[in-house]
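Novice: The structure that follows is given in the form of structure tokens.
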Amino acid sequence: MTHAIQPDQQNARTRAVWLLPEDGVIDPIAIDLATRGVRPVALTPAERRIAAASILATGGTPNTIAKRLHMAHSTARTLAEQITADGIAA
């Protein structure tokens, strides 16, 4: 018997591919590729935050963050608000 994959399960699996577990290592090349939108890159949460701050600093929007970092628009919007509040992208 096979089990059909529910849309929510498929979305969770897709998201998991783009978000790596935190390992304490920052990969500047991966951040640069993701920030410029050269190609899809899996990032750790710390790398994702740095990439999002870089996108905002160069005039990007939460929509740009969502597309380049493969995250939900609501997540990108929240991340952008956090970064702006922290003054990282200023």
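Going through the structure tokens in order, the chains are called A, B, and so on, while each chain numbers its residues from 1 and the ligands are numbered from 1 in the order shown.
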I want to know what sits within 8 Å of Glu22 of chain A, based on only C-alpha atoms, with residues of the same chain fewer than 6 positions away left out; could you give that as a compact mmCIF listing (two decimals) with C-alpha atoms, in the first residue's frame?
Specialist:
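Heads up, here's the output in out10.txt:
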# COMPACT_ATOMS: atom_id res chain seq x y z
CA THR A 44 21.91 27.53 7.79
CA PRO A 45 19.70 29.91 9.81
CA ALA A 46 22.70 32.20 10.49
Novice: Excluding same-chain residues fewer than 6 positions from Arg39 of chain A, what lies within 12 Å of it counting only C-alpha atoms, as a PyMOL selection string?
Specialist: chain A and resi 18+29-33+67-70
Novice: With N, CA and C atoms retained, write the just-selected residues as a CSV table (one decimal), in the first residue's frame.
Specialist:
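Result written to selection.csv:
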chain,number,residue,atom,x,y,z
A,18,TRP,N,16.1,23.5,1.8
A,18,TRP,CA,16.8,24.8,1.7
A,18,TRP,C,17.3,25.3,3.0
A,29,ILE,N,30.6,32.0,0.5
A,29,ILE,CA,30.4,31.8,-0.9
A,29,ILE,C,28.9,31.4,-1.1
A,30,ALA,N,28.4,30.6,-0.3
A,30,ALA,CA,27.0,30.2,-0.3
A,30,ALA,C,26.1,31.4,-0.1
A,31,ILE,N,26.5,32.3,0.9
A,31,ILE,CA,25.7,33.5,1.1
A,31,ILE,C,25.7,34.4,-0.1
A,32,ASP,N,26.8,34.6,-0.7
A,32,ASP,CA,26.9,35.4,-1.9
A,32,ASP,C,26.1,34.9,-3.1
A,33,LEU,N,26.2,33.6,-3.3
A,33,LEU,CA,25.4,33.0,-4.4
A,33,LEU,C,23.9,33.2,-4.1
A,67,LYS,N,12.0,34.9,-2.5
A,67,LYS,CA,12.4,34.2,-3.8
A,67,LYS,C,13.8,33.7,-3.8
A,68,ARG,N,14.8,34.5,-3.4
A,68,ARG,CA,16.2,34.1,-3.4
A,68,ARG,C,16.5,33.0,-2.3
A,69,LEU,N,15.9,33.1,-1.2
A,69,LEU,CA,16.2,32.2,-0.1
A,69,LEU,C,15.2,31.1,0.1
A,70,HIS,N,14.3,31.0,-0.8
A,70,HIS,CA,13.3,29.9,-0.8
A,70,HIS,C,12.6,29.8,0.5
Novice: Go through A:Pro21, A:Gly37, A:Pro62, A:Pro28 one by one, measure the shortest atom-to-atom distance of each to Leu79 of chain A using only C-alpha atoms, and give the residue with the smallest value.
Specialist: A:Pro62
Novice: When you count only C-alpha atoms, which of these residues is closest to Glu47 of chain A: A:Ala66, A:Met71, A:Gly60, A:Leu19?
Specialist: A:Leu19
